[in-house]
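K.L.:
What follows is protein-v7.txt; its format and atoms are compact mmCIF, C-alpha atoms (C1' of nucleotides).
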# COMPACT_ATOMS: atom_id res chain seq x y z
CA MET H 1 14.20 -9.86 37.86
CA PRO H 2 14.96 -12.23 35.01
CA LYS H 3 17.23 -11.80 32.05
CA LYS H 4 17.85 -8.20 31.25
CA VAL H 5 17.59 -7.40 27.56
CA ASP H 6 17.62 -4.08 25.83
CA HIS H 7 13.98 -3.60 25.16
CA ALA H 8 14.43 -0.75 22.70
CA GLU H 9 17.07 -2.60 20.76
CA ARG H 10 14.86 -5.64 20.27
CA ARG H 11 12.09 -3.45 18.99
CA ARG H 12 14.42 -1.81 16.53
CA LEU H 13 15.63 -5.22 15.41
CA ILE H 14 12.08 -6.28 14.70
CA ALA H 15 11.23 -2.98 13.04
CA ASP H 16 14.26 -3.41 10.79
CA ALA H 17 13.00 -6.78 9.71
CA LEU H 18 9.59 -5.30 9.06
CA MET H 19 11.10 -2.64 6.86
CA ARG H 20 13.04 -5.24 4.93
CA VAL H 21 9.86 -7.17 4.25
CA ALA H 22 7.99 -4.01 3.34
CA ALA H 23 10.74 -2.82 1.01
CA GLU H 24 10.79 -6.10 -0.88
CA GLN H 25 7.19 -7.19 -0.92
CA GLY H 26 5.14 -4.26 0.30
CA LEU H 27 3.19 -3.68 3.46
CA GLU H 28 0.63 -6.27 2.45
CA ALA H 29 3.24 -8.94 3.03
CA VAL H 30 3.96 -7.66 6.52
CA SER H 31 2.55 -10.22 8.92
CA LEU H 32 3.69 -11.30 12.35
CA ARG H 33 5.11 -14.52 11.01
CA HIS H 34 6.84 -12.98 7.99
CA VAL H 35 8.46 -10.31 10.09
CA ALA H 36 9.50 -12.88 12.65
CA ALA H 37 11.05 -15.04 9.94
CA ALA H 38 12.88 -12.06 8.46
CA ALA H 39 14.24 -11.18 11.87
CA ASP H 40 15.06 -14.84 12.43
CA VAL H 41 13.13 -14.97 15.66
CA SER H 42 9.99 -16.72 16.75
CA ALA H 43 6.57 -15.26 16.18
CA GLY H 44 6.04 -15.36 19.92
CA MET H 45 8.93 -12.97 20.45
CA VAL H 46 7.45 -10.43 18.10
CA GLN H 47 4.24 -10.65 20.04
CA HIS H 48 6.15 -10.20 23.25
CA TYR H 49 7.54 -6.85 22.15
CA PHE H 50 4.50 -5.63 20.29
CA ARG H 51 1.20 -6.56 21.80
CA THR H 52 -0.60 -5.83 18.56
CA LYS H 53 0.34 -5.58 14.93
CA ASP H 54 -0.81 -2.00 14.83
CA GLU H 55 1.63 -1.14 17.61
CA MET H 56 4.40 -2.70 15.57
CA MET H 57 3.42 -0.77 12.45
CA THR H 58 3.25 2.51 14.30
CA PHE H 59 6.65 1.94 15.81
CA ALA H 60 8.17 1.04 12.45
CA LEU H 61 6.69 4.17 10.98
CA SER H 62 8.34 6.28 13.64
CA VAL H 63 11.65 4.58 12.91
CA VAL H 64 11.37 5.48 9.24
CA GLN H 65 10.70 9.10 10.05
CA GLU H 66 13.47 9.25 12.59
CA ARG H 67 15.94 7.79 10.14
CA SER H 68 15.22 10.33 7.41
CA ARG H 69 15.44 13.12 9.97
CA ARG H 70 18.89 11.95 10.96
CA ARG H 71 19.93 11.72 7.33
CA VAL H 72 19.11 15.37 6.84
CA GLU H 73 20.83 16.46 10.02
CA ALA H 74 23.97 14.56 9.12
CA ALA H 75 24.05 16.03 5.63
CA MET H 76 23.66 19.53 6.96
CA ALA H 77 26.25 19.03 9.66
CA ARG H 78 28.68 17.85 7.00
CA LEU H 79 28.58 21.32 5.48
CA GLY H 80 30.36 22.91 8.41
CA ASP H 81 29.49 26.27 9.86
CA ASP H 82 27.69 29.02 8.07
CA PRO H 83 27.22 27.42 4.68
CA ALA H 84 25.70 29.26 1.77
CA PRO H 85 21.89 29.02 1.77
CA ARG H 86 21.86 27.43 -1.64
CA ASP H 87 24.32 24.73 -0.59
CA LEU H 88 22.30 24.11 2.54
CA LEU H 89 19.08 23.67 0.61
CA ARG H 90 20.67 21.44 -1.95
CA ALA H 91 22.23 19.23 0.68
CA MET H 92 18.93 18.92 2.45
CA VAL H 93 17.00 17.90 -0.63
CA VAL H 94 19.70 15.55 -1.86
CA ALA H 95 19.73 13.86 1.53
CA LEU H 96 16.05 13.12 1.21
CA LEU H 97 16.13 11.81 -2.35
CA PRO H 98 16.37 8.06 -2.94
CA LEU H 99 19.54 8.21 -4.96
CA ASP H 100 21.40 5.11 -3.84
CA GLU H 101 20.11 1.65 -3.13
CA PRO H 102 19.84 1.89 0.67
CA SER H 103 17.87 5.09 0.53
CA ARG H 104 15.77 3.66 -2.28
CA GLU H 105 14.79 0.88 0.10
CA ASP H 106 13.82 3.44 2.70
CA GLY H 107 11.93 5.29 0.04
CA ARG H 108 9.88 2.27 -0.90
CA VAL H 109 9.01 1.74 2.74
CA ALA H 110 8.10 5.37 3.18
CA LEU H 111 5.91 5.23 0.09
CA ALA H 112 4.17 2.15 1.42
CA PHE H 113 3.49 3.90 4.72
CA LEU H 114 2.27 6.95 2.88
CA ALA H 115 -0.43 4.93 1.20
CA TYR H 116 -1.04 3.12 4.47
CA THR H 117 -1.66 6.24 6.52
CA ALA H 118 -3.66 7.85 3.74
CA VAL H 119 -6.58 5.62 4.67
CA ARG H 120 -5.88 5.55 8.40
CA PRO H 121 -6.29 9.10 9.65
CA GLN H 122 -5.78 8.06 13.26
CA THR H 123 -2.27 6.83 12.44
CA ALA H 124 -1.38 10.29 11.26
CA LEU H 125 2.26 10.76 10.49
CA ARG H 126 3.04 13.94 12.30
CA SER H 127 4.49 16.01 9.56
CA GLU H 128 7.15 18.59 10.03
CA THR H 129 6.20 19.93 6.66
CA GLN H 130 5.09 23.36 7.80
CA GLN H 131 8.28 23.92 9.77
CA MET H 132 10.28 22.82 6.76
CA VAL H 133 8.44 25.31 4.61
CA GLY H 134 9.25 28.03 7.11
CA PHE H 135 12.87 26.99 7.26
CA ILE H 136 13.22 26.96 3.49
CA GLU H 137 11.51 30.31 3.26
CA SER H 138 14.09 31.83 5.59
CA LEU H 139 16.85 30.66 3.28
CA LEU H 140 15.38 31.87 0.03
CA PRO H 141 16.20 35.28 -1.35
CA GLY H 142 13.41 37.46 -2.61
CA GLY H 143 10.93 35.28 -0.83
CA LYS H 144 7.99 35.04 -3.15
CA SER H 145 5.29 33.24 -1.23
CA GLY H 146 4.87 29.75 -2.60
CA ASP H 147 8.47 29.27 -3.61
CA ALA H 148 9.35 27.38 -0.46
CA ALA H 149 6.33 25.12 -0.66
CA ALA H 150 7.13 24.50 -4.30
CA LEU H 151 10.68 23.46 -3.57
CA LEU H 152 9.56 20.98 -0.94
CA ALA H 153 6.93 19.54 -3.26
CA LEU H 154 9.51 19.33 -6.02
CA MET H 155 11.65 17.21 -3.76
CA GLU H 156 8.79 14.87 -3.03
CA GLY H 157 7.93 14.51 -6.69
CA LEU H 158 11.51 13.86 -7.68
CA GLY H 159 11.61 11.16 -5.03
CA LEU H 160 8.56 9.51 -6.49
CA TYR H 161 9.92 9.52 -10.01
CA LEU H 162 13.27 8.23 -8.83
CA LEU H 163 11.58 5.36 -7.08
CA GLY H 164 9.43 4.63 -10.09
CA GLY H 165 12.43 4.74 -12.37
CA GLN H 166 10.93 7.46 -14.55
CA TYR H 167 13.82 9.77 -13.75
CA THR H 168 17.44 8.84 -13.56
CA PRO H 169 19.48 10.31 -10.71
CA GLU H 170 21.10 12.61 -13.26
CA GLN H 171 17.74 13.86 -14.49
CA ALA H 172 16.51 14.44 -10.97
CA LEU H 173 19.60 16.33 -9.93
CA ALA H 174 19.46 18.39 -13.12
CA ALA H 175 15.88 19.31 -12.33
CA LEU H 176 16.82 20.25 -8.80
CA ASP H 177 19.73 22.38 -9.90
CA ALA H 178 17.67 24.08 -12.55
CA GLN H 179 15.21 25.04 -9.86
CA LEU H 180 17.91 26.28 -7.50
CA ASP H 181 19.32 28.33 -10.35
CA ARG H 182 15.99 29.99 -10.84
CA LEU H 183 15.49 30.61 -7.15
CA PHE H 184 18.92 32.12 -6.60
CA SER H 185 19.55 33.91 -9.89
CA ALA H 186 17.22 36.90 -9.83
CA MET L 187 -25.42 -18.29 -27.31
CA PRO L 188 -26.79 -17.45 -23.90
CA LYS L 189 -27.56 -14.11 -22.35
CA LYS L 190 -25.68 -11.33 -23.92
CA VAL L 191 -24.12 -8.96 -21.43
CA ASP L 192 -21.72 -6.14 -22.02
CA HIS L 193 -18.54 -7.77 -20.88
CA ALA L 194 -16.55 -4.56 -20.72
CA GLU L 195 -19.24 -2.77 -18.79
CA ARG L 196 -19.37 -5.46 -16.13
CA ARG L 197 -15.64 -5.27 -15.72
CA ARG L 198 -15.80 -1.52 -15.31
CA LEU L 199 -18.56 -1.92 -12.75
CA ILE L 200 -16.42 -4.26 -10.72
CA ALA L 201 -13.35 -2.08 -11.13
CA ASP L 202 -15.33 0.88 -9.85
CA ALA L 203 -16.27 -1.05 -6.74
CA LEU L 204 -12.65 -2.02 -6.29
CA MET L 205 -11.60 1.59 -6.47
CA ARG L 206 -14.21 2.57 -3.91
CA VAL L 207 -12.89 -0.03 -1.51
CA ALA L 208 -9.30 0.98 -2.17
CA ALA L 209 -10.05 4.67 -1.69
CA GLU L 210 -11.69 4.08 1.67
CA GLN L 211 -9.66 1.29 3.18
CA GLY L 212 -6.60 0.86 1.02
CA LEU L 213 -5.52 -1.88 -1.31
CA GLU L 214 -4.99 -4.27 1.56
CA ALA L 215 -8.74 -4.37 2.05
CA VAL L 216 -9.32 -5.26 -1.58
CA SER L 217 -10.43 -8.88 -1.67
CA LEU L 218 -12.75 -10.70 -4.02
CA ARG L 219 -15.49 -10.79 -1.43
CA HIS L 220 -15.14 -7.15 -0.38
CA VAL L 221 -15.20 -5.95 -3.95
CA ALA L 222 -18.16 -8.15 -4.71
CA ALA L 223 -20.02 -6.77 -1.71
CA ALA L 224 -19.18 -3.19 -2.69
CA ALA L 225 -20.45 -3.84 -6.19
CA ASP L 226 -23.47 -5.62 -4.72
CA VAL L 227 -22.89 -8.75 -6.74
CA SER L 228 -21.90 -12.26 -5.83
CA ALA L 229 -18.32 -13.29 -5.39
CA GLY L 230 -18.82 -15.83 -8.12
CA MET L 231 -19.61 -13.14 -10.62
CA VAL L 232 -16.39 -11.31 -9.88
CA GLN L 233 -14.57 -14.53 -10.49
CA HIS L 234 -16.40 -14.98 -13.73
CA TYR L 235 -15.10 -11.70 -15.12
CA PHE L 236 -11.64 -11.88 -13.62
CA ARG L 237 -10.15 -15.30 -13.44
CA THR L 238 -7.57 -14.14 -10.94
CA LYS L 239 -7.25 -11.31 -8.48
CA ASP L 240 -4.16 -10.09 -10.21
CA GLU L 241 -6.09 -9.75 -13.44
CA MET L 242 -8.65 -7.64 -11.60
CA MET L 243 -6.00 -5.44 -10.08
CA THR L 244 -4.25 -4.91 -13.37
CA PHE L 245 -7.49 -3.96 -15.04
CA ALA L 246 -8.41 -1.53 -12.26
CA LEU L 247 -4.99 0.03 -12.56
CA SER L 248 -5.52 0.63 -16.24
CA VAL L 249 -8.89 2.23 -15.49
CA VAL L 250 -7.25 4.65 -13.07
CA GLN L 251 -4.68 5.65 -15.65
CA GLU L 252 -7.24 6.00 -18.36
CA ARG L 253 -9.41 8.20 -16.18
CA SER L 254 -6.65 10.66 -15.36
CA ARG L 255 -5.66 10.78 -19.00
CA ARG L 256 -9.19 11.75 -19.93
CA ARG L 257 -9.25 14.37 -17.22
CA VAL L 258 -6.25 16.07 -18.72
CA GLU L 259 -7.60 15.87 -22.25
CA ALA L 260 -10.92 17.37 -21.19
CA ALA L 261 -9.25 20.21 -19.34
CA MET L 262 -7.08 21.04 -22.31
CA ALA L 263 -9.94 20.83 -24.74
CA ARG L 264 -11.86 23.27 -22.55
CA LEU L 265 -9.26 25.89 -23.34
CA GLY L 266 -10.25 26.16 -26.96
CA ASP L 267 -7.85 26.58 -29.83
CA ASP L 268 -4.39 27.93 -29.57
CA PRO L 269 -4.23 28.76 -25.89
CA ALA L 270 -1.25 30.46 -24.30
CA PRO L 271 1.40 27.93 -23.27
CA ARG L 272 1.23 29.06 -19.67
CA ASP L 273 -2.52 28.55 -19.53
CA LEU L 274 -2.17 25.17 -21.13
CA LEU L 275 0.42 24.03 -18.64
CA ARG L 276 -1.55 25.34 -15.72
CA ALA L 277 -4.71 23.63 -16.86
CA MET L 278 -2.88 20.39 -17.30
CA VAL L 279 -1.35 20.41 -13.85
CA VAL L 280 -4.53 21.56 -12.16
CA ALA L 281 -6.42 18.76 -13.85
CA LEU L 282 -4.06 16.24 -12.30
CA LEU L 283 -4.11 17.67 -8.78
CA PRO L 284 -6.49 16.16 -6.21
CA LEU L 285 -8.28 19.41 -5.46
CA ASP L 286 -11.87 18.30 -4.99
CA GLU L 287 -13.23 15.25 -3.25
CA PRO L 288 -13.79 13.02 -6.28
CA SER L 289 -10.30 13.56 -7.57
CA ARG L 290 -8.97 13.13 -4.05
CA GLU L 291 -10.52 9.69 -4.08
CA ASP L 292 -8.82 8.91 -7.35
CA GLY L 293 -5.63 10.25 -5.90
CA ARG L 294 -5.78 7.92 -2.94
CA VAL L 295 -6.31 4.99 -5.27
CA ALA L 296 -3.47 6.09 -7.49
CA LEU L 297 -1.20 6.42 -4.48
CA ALA L 298 -2.14 2.94 -3.32
CA PHE L 299 -1.30 1.54 -6.75
CA LEU L 300 1.94 3.44 -6.78
CA ALA L 301 3.07 1.66 -3.66
CA TYR L 302 1.62 -1.55 -5.03
CA THR L 303 3.55 -1.49 -8.29
CA ALA L 304 6.70 -0.30 -6.56
CA VAL L 305 7.25 -3.83 -5.31
CA ARG L 306 5.83 -5.61 -8.37
CA PRO L 307 8.06 -4.70 -11.28
CA GLN L 308 6.18 -7.00 -13.64
CA THR L 309 2.98 -4.99 -13.12
CA ALA L 310 4.76 -1.93 -14.39
CA LEU L 311 2.52 1.01 -14.94
CA ARG L 312 3.52 2.15 -18.36
CA SER L 313 4.38 5.74 -17.75
CA GLU L 314 3.92 8.46 -20.25
CA THR L 315 6.26 10.54 -18.16
CA GLN L 316 8.95 10.99 -20.77
CA GLN L 317 6.47 12.14 -23.38
CA MET L 318 5.00 14.56 -20.87
CA VAL L 319 8.43 15.97 -20.20
CA GLY L 320 8.94 16.45 -23.89
CA PHE L 321 5.57 18.09 -24.28
CA ILE L 322 6.18 20.48 -21.40
CA GLU L 323 9.60 21.28 -22.75
CA SER L 324 8.07 22.35 -26.03
CA LEU L 325 5.83 24.79 -24.22
CA LEU L 326 8.44 26.40 -22.02
CA PRO L 327 10.30 29.51 -23.10
CA GLY L 328 14.03 29.63 -22.73
CA GLY L 329 14.11 25.92 -22.22
CA LYS L 330 16.69 25.28 -19.57
CA SER L 331 17.11 21.54 -19.41
CA GLY L 332 15.56 20.22 -16.24
CA ASP L 333 12.81 22.81 -16.04
CA ALA L 334 10.23 20.55 -17.62
CA ALA L 335 11.11 17.58 -15.45
CA ALA L 336 10.99 19.85 -12.42
CA LEU L 337 7.52 21.11 -13.24
CA LEU L 338 6.20 17.59 -13.60
CA ALA L 339 7.80 16.53 -10.34
CA LEU L 340 6.38 19.61 -8.67
CA MET L 341 2.93 18.53 -9.73
CA GLU L 342 3.44 15.08 -8.27
CA GLY L 343 4.71 16.46 -5.00
CA LEU L 344 1.86 18.93 -4.69
CA GLY L 345 -0.53 16.05 -5.24
CA LEU L 346 1.04 14.11 -2.42
CA TYR L 347 0.88 17.00 0.00
CA LEU L 348 -2.69 17.73 -0.97
CA LEU L 349 -3.64 14.15 -0.27
CA GLY L 350 -1.78 14.16 3.00
CA GLY L 351 -3.40 17.41 4.02
CA GLN L 352 -0.07 19.14 4.50
CA TYR L 353 -0.96 21.72 1.86
CA THR L 354 -4.30 23.39 1.39
CA PRO L 355 -5.56 23.80 -2.16
CA GLU L 356 -4.73 27.50 -1.88
CA GLN L 357 -1.15 26.75 -0.84
CA ALA L 358 -0.70 24.26 -3.63
CA LEU L 359 -2.06 26.60 -6.27
CA ALA L 360 0.08 29.43 -4.92
CA ALA L 361 3.13 27.21 -5.22
CA LEU L 362 2.18 26.26 -8.76
CA ASP L 363 1.61 29.85 -9.81
CA ALA L 364 4.84 30.97 -8.23
CA GLN L 365 6.62 28.38 -10.30
CA LEU L 366 4.84 29.36 -13.49
CA ASP L 367 5.75 32.97 -12.77
CA ARG L 368 9.37 32.03 -12.57
CA LEU L 369 9.25 29.93 -15.71
CA PHE L 370 7.52 32.57 -17.81
CA SER L 371 8.95 35.79 -16.40
CA ALA L 372 12.54 35.92 -17.61
C1' DG F 373 16.01 -22.31 48.70
C1' DC F 374 11.63 -20.63 47.36
C1' DC F 375 9.35 -17.73 44.18
C1' DT F 376 8.26 -13.96 41.65
C1' DT F 377 9.08 -11.83 37.18
C1' DG F 378 10.21 -11.06 32.74
C1' DA F 379 11.69 -13.44 28.18
C1' DC F 380 10.55 -16.22 25.16
C1' DA F 381 8.33 -20.62 22.45
C1' DT F 382 4.34 -23.29 21.07
C1' DT F 383 -0.14 -24.20 20.09
C1' DG F 384 -4.87 -23.34 19.18
C1' DC F 385 -8.64 -20.76 17.26
C1' DA F 386 -11.82 -18.25 14.63
C1' DG F 387 -11.91 -15.68 10.66
C1' DT F 388 -10.36 -14.36 5.99
C1' DT F 389 -7.88 -15.09 1.86
C1' DG F 390 -7.51 -16.71 -3.37
C1' DT F 391 -8.87 -20.25 -6.23
C1' DA F 392 -11.00 -24.56 -8.03
C1' DT F 393 -15.18 -27.01 -8.62
C1' DT F 394 -19.73 -27.87 -9.16
C1' DG F 395 -24.40 -26.88 -10.49
C1' DG F 396 -28.15 -24.65 -12.41
C1' DA F 397 -30.59 -21.42 -15.41
C1' DA F 398 -31.40 -19.18 -19.44
C1' DA F 399 -30.82 -17.66 -23.95
C1' DA F 400 -29.57 -18.16 -28.78
C1' DC F 401 -28.91 -21.55 -32.61
C1' DG F 402 -29.83 -25.89 -35.09
C1' DC X 403 -37.57 -29.19 -29.26
C1' DG X 404 -32.95 -29.93 -27.95
C1' DT X 405 -28.43 -28.77 -27.54
C1' DT X 406 -24.87 -25.86 -26.50
C1' DT X 407 -22.79 -22.07 -24.55
C1' DT X 408 -22.46 -18.44 -21.61
C1' DC X 409 -23.70 -16.29 -17.02
C1' DC X 410 -23.68 -16.61 -12.50
C1' DA X 411 -24.25 -18.71 -7.73
C1' DA X 412 -22.70 -21.68 -4.05
C1' DT X 413 -19.64 -24.38 -1.89
C1' DA X 414 -15.24 -26.56 -0.73
C1' DC X 415 -10.52 -26.14 0.46
C1' DA X 416 -5.95 -25.27 1.83
C1' DA X 417 -3.30 -21.59 3.27
C1' DC X 418 -2.89 -17.74 5.81
C1' DT X 419 -4.09 -14.03 9.15
C1' DG X 420 -3.96 -11.64 14.09
C1' DC X 421 -4.39 -12.80 18.61
C1' DA X 422 -4.99 -15.29 23.07
C1' DA X 423 -3.65 -18.79 26.02
C1' DT X 424 -0.40 -21.67 27.90
C1' DG X 425 3.95 -23.48 28.83
C1' DT X 426 9.02 -23.46 29.83
C1' DC X 427 13.15 -21.57 31.62
C1' DA X 428 16.35 -18.76 33.80
C1' DA X 429 17.68 -14.90 36.50
C1' DG X 430 17.45 -12.24 40.15
C1' DG X 431 15.31 -10.54 45.21
C1' DC X 432 14.01 -12.15 49.79
Translate the structure described by the file into structure tokens.
P.N.:
Amino acid sequence: MPKKVDHAERRRLIADALMRVAAEQGLEAVSLRHVAAAADVSAGMVQHYFRTKDEMMTFALSVVQERSRRRVEAAMARLGDDPAPRDLLRAMVVALLPLDEPSREDGRVALAFLAYTAVRPQTALRSETQQMVGFIESLLPGGKSGDAAALLALMEGLGLYLLGGQYTPEQALAALDAQLDRLFSA
Amino acid sequence: MPKKVDHAERRRLIADALMRVAAEQGLEAVSLRHVAAAADVSAGMVQHYFRTKDEMMTFALSVVQERSRRRVEAAMARLGDDPAPRDLLRAMVVALLPLDEPSREDGRVALAFLAYTAVRPQTALRSETQQMVGFIESLLPGGKSGDAAALLALMEGLGLYLLGGQYTPEQALAALDAQLDRLFSA
DNA sequence: GCCTTGACATTGCAGTTGTATTGGAAAACG
DNA sequence: CGTTTTCCAATACAACTGCAATGTCAAGGC
């Protein structure tokens, strides 16, 4: 056997470069050569680790999803044991919002992939949305049906407006807290 | 002067073709030749009415915005004079949600442009978001700050999940009504 | 010491892209 | 009638795209 290299690591390296390109110039600018240049490797190497561009895109998409999943887990773990439901929900939503520059970058990439998959049903992003709705529902008092789905959608919308610059972080957080107030007051 | 043609109408015709292409295959598939083929005209004609692709894109973007604005106006006008604030708000949000197939198409195009403009600050989509927030605020009772922004963000998020297929129209409407209940109950 | 195998790099190719250019046709105006 | 001005078509072109093919090189197993 020849040189041993960490296959998975190389793929992540390339996917990182892809996400950098996508965050700055959109998915339309993602080409084998651009990604290779951003990763400072040859185009041949990219082809070596991804036999097709589609394979590369799909992998990058999974990296994006994985990263946001970890963000949420970390935020929730940071709360310690047995946190109050409201704190748990707030931490979860805040972890998913593009509030600082790194997560804004991720957000732009995620938005690009959202539009990308919207016209490519086969590249479906397996969504954990339904489980999230169930999880949120178990944390909400009262439990009017629709409240959980609304909170999740609120998060998504706040993310969009944060990315677009229509809402400031303060506005977004105020909106979130207003909603949590309503959900936990009565 | 030579043949007189309705300049604006031709441009709308081309923009419509562009939106069809974008709705089916995404903005990446939007090229002069594809759009021309979809409009069943020659590529030269497209170039005649839009000197550059960017000009065509910008115009199409404005058409999308204009169309959704009209949708809202029509829905609100349909309510007659002096409607209840809750009904007004509900009609407005429902008009913006991609609930049937035509508006789903528009939604896909809008989503594509959202990702498109996210990495092209100069092609900023002038947002009427702040005015909308103000308008909603004037209709809400109590008027906790943040409630209006939250409702608007909720709408956006519901739209995304409807497009993605994560929420059914029934789920989305249930979430909306649950929120309106909360806003108008206390 | 071969020699296989995996890790790259380079090059070529057919197709598509946006744009510039050219040319013709036809309609209003003098 | 002739000229001009707009409408549109066709073509040319350089740059780019994804992908396949080919080459080089080194690290192991036998």
K.L.:
Determine the nearest neighbour of chain H from the options F:DC401, F:DT383, F:DT388, F:DC374, counting only C-alpha atoms (C1' of nucleotides).
P.N.:
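The shortest atom-to-atom distance to chain H comes from F:DT383.
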K.L.:
Could you name the residues that touch Ala39 of chain H at 12 Å or less, counting all atoms listed in the file, but leaving out those on the same chain fewer than 5 positions away, as a PyMOL selection string?
P.N.:
chain H and resi 10-21+32-34+45-46
K.L.:
Starting from chain X, keep only residues with some atom at most 12 Å from an atom of chain L, counting all atoms listed in the file, and report them as a list in words.
P.N.:
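Those within range of chain L come out as DT405, DT406, DT407, DT408, DC409, DC410, DA411, DA412 and DT413 of chain X.
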K.L.:
Once you count all atoms listed in the file, which residues of chain F turn out to be within 12 Å of chain L? Could you give them as a PyMOL selection string?
P.N.:
chain F and resi 388-393+397-402
K.L.:
Let me see the file: selected residues, C-alpha atoms (C1' of nucleotides), as a compact mmCIF listing (two decimals), keeping the file's coordinate frame.
P.N.:
# COMPACT_ATOMS: atom_id res chain seq x y z
C1' DT F 388 -10.36 -14.36 5.99
C1' DT F 389 -7.88 -15.09 1.86
C1' DG F 390 -7.51 -16.71 -3.37
C1' DT F 391 -8.87 -20.25 -6.23
C1' DA F 392 -11.00 -24.56 -8.03
C1' DT F 393 -15.18 -27.01 -8.62
C1' DA F 397 -30.59 -21.42 -15.41
C1' DA F 398 -31.40 -19.18 -19.44
C1' DA F 399 -30.82 -17.66 -23.95
C1' DA F 400 -29.57 -18.16 -28.78
C1' DC F 401 -28.91 -21.55 -32.61
C1' DG F 402 -29.83 -25.89 -35.09
K.L.:
Can you tell me, as a ChimeraX atom specification, what residues are no more than 12 Å from Leu247 of chain L when counting all atoms listed in the file, ignoring any on the same chain fewer than 5 positions away?
P.N.:
/L:198,201-202,204-205,208,213,240-242,252-254,292,295-300,302-303,309-312
K.L.:
Would you compute the distance between atom CA of Leu79 of chain H and atom CA of Val64 of chain H? Give it in Å to one decimal.
P.N.:
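About the pair atom CA of Leu79 of chain H and atom CA of Val64 of chain H: they are 23.7 Å apart.
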K.L.:
State, in Å with one decimal place, the distance from atom C1' of DC427 of chain X to atom C1' of DC385 of chain F.
P.N.:
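Here the two named atoms are 26.1 Å from each other.
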K.L.:
Counting only C-alpha atoms, which of H:Ala118, H:Ala95, H:Pro85, H:Ala8 gets nearest to Leu349 of chain L?
P.N.:
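Residue with the minimum atom-to-atom distance to Leu349 of chain L: H:Ala118.
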K.L.:
Pull out every residue of chain H that has at least one atom within 8 Å of chain L, counting all atoms listed in the file, and report them as a VMD selection string.
P.N.:
chain H and resid 23 to 26 28 108 111 to 112 115 to 116 118 to 120 127 129 to 130 144 to 158 160 to 161 163 to 164 166 171 to 172 174 to 179 182
K.L.:
I'd like the interatomic distance between atom CA of Thr354 of chain L and atom CA of Gly142 of chain H, to a tenth of an Å.
P.N.:
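If I compute the distance from atom CA of Thr354 of chain L to atom CA of Gly142 of chain H, I get 23.0 Å.
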K.L.:
Determine, counting all atoms listed in the file, which protein, DNA and RNA residues have an atom within 9 Å of an atom of Leu348 of chain L; residues of the same chain fewer than 6 positions away are not included. Present the result as a ChimeraX atom specification.
P.N.:
/L:283-285,290,354-355,358
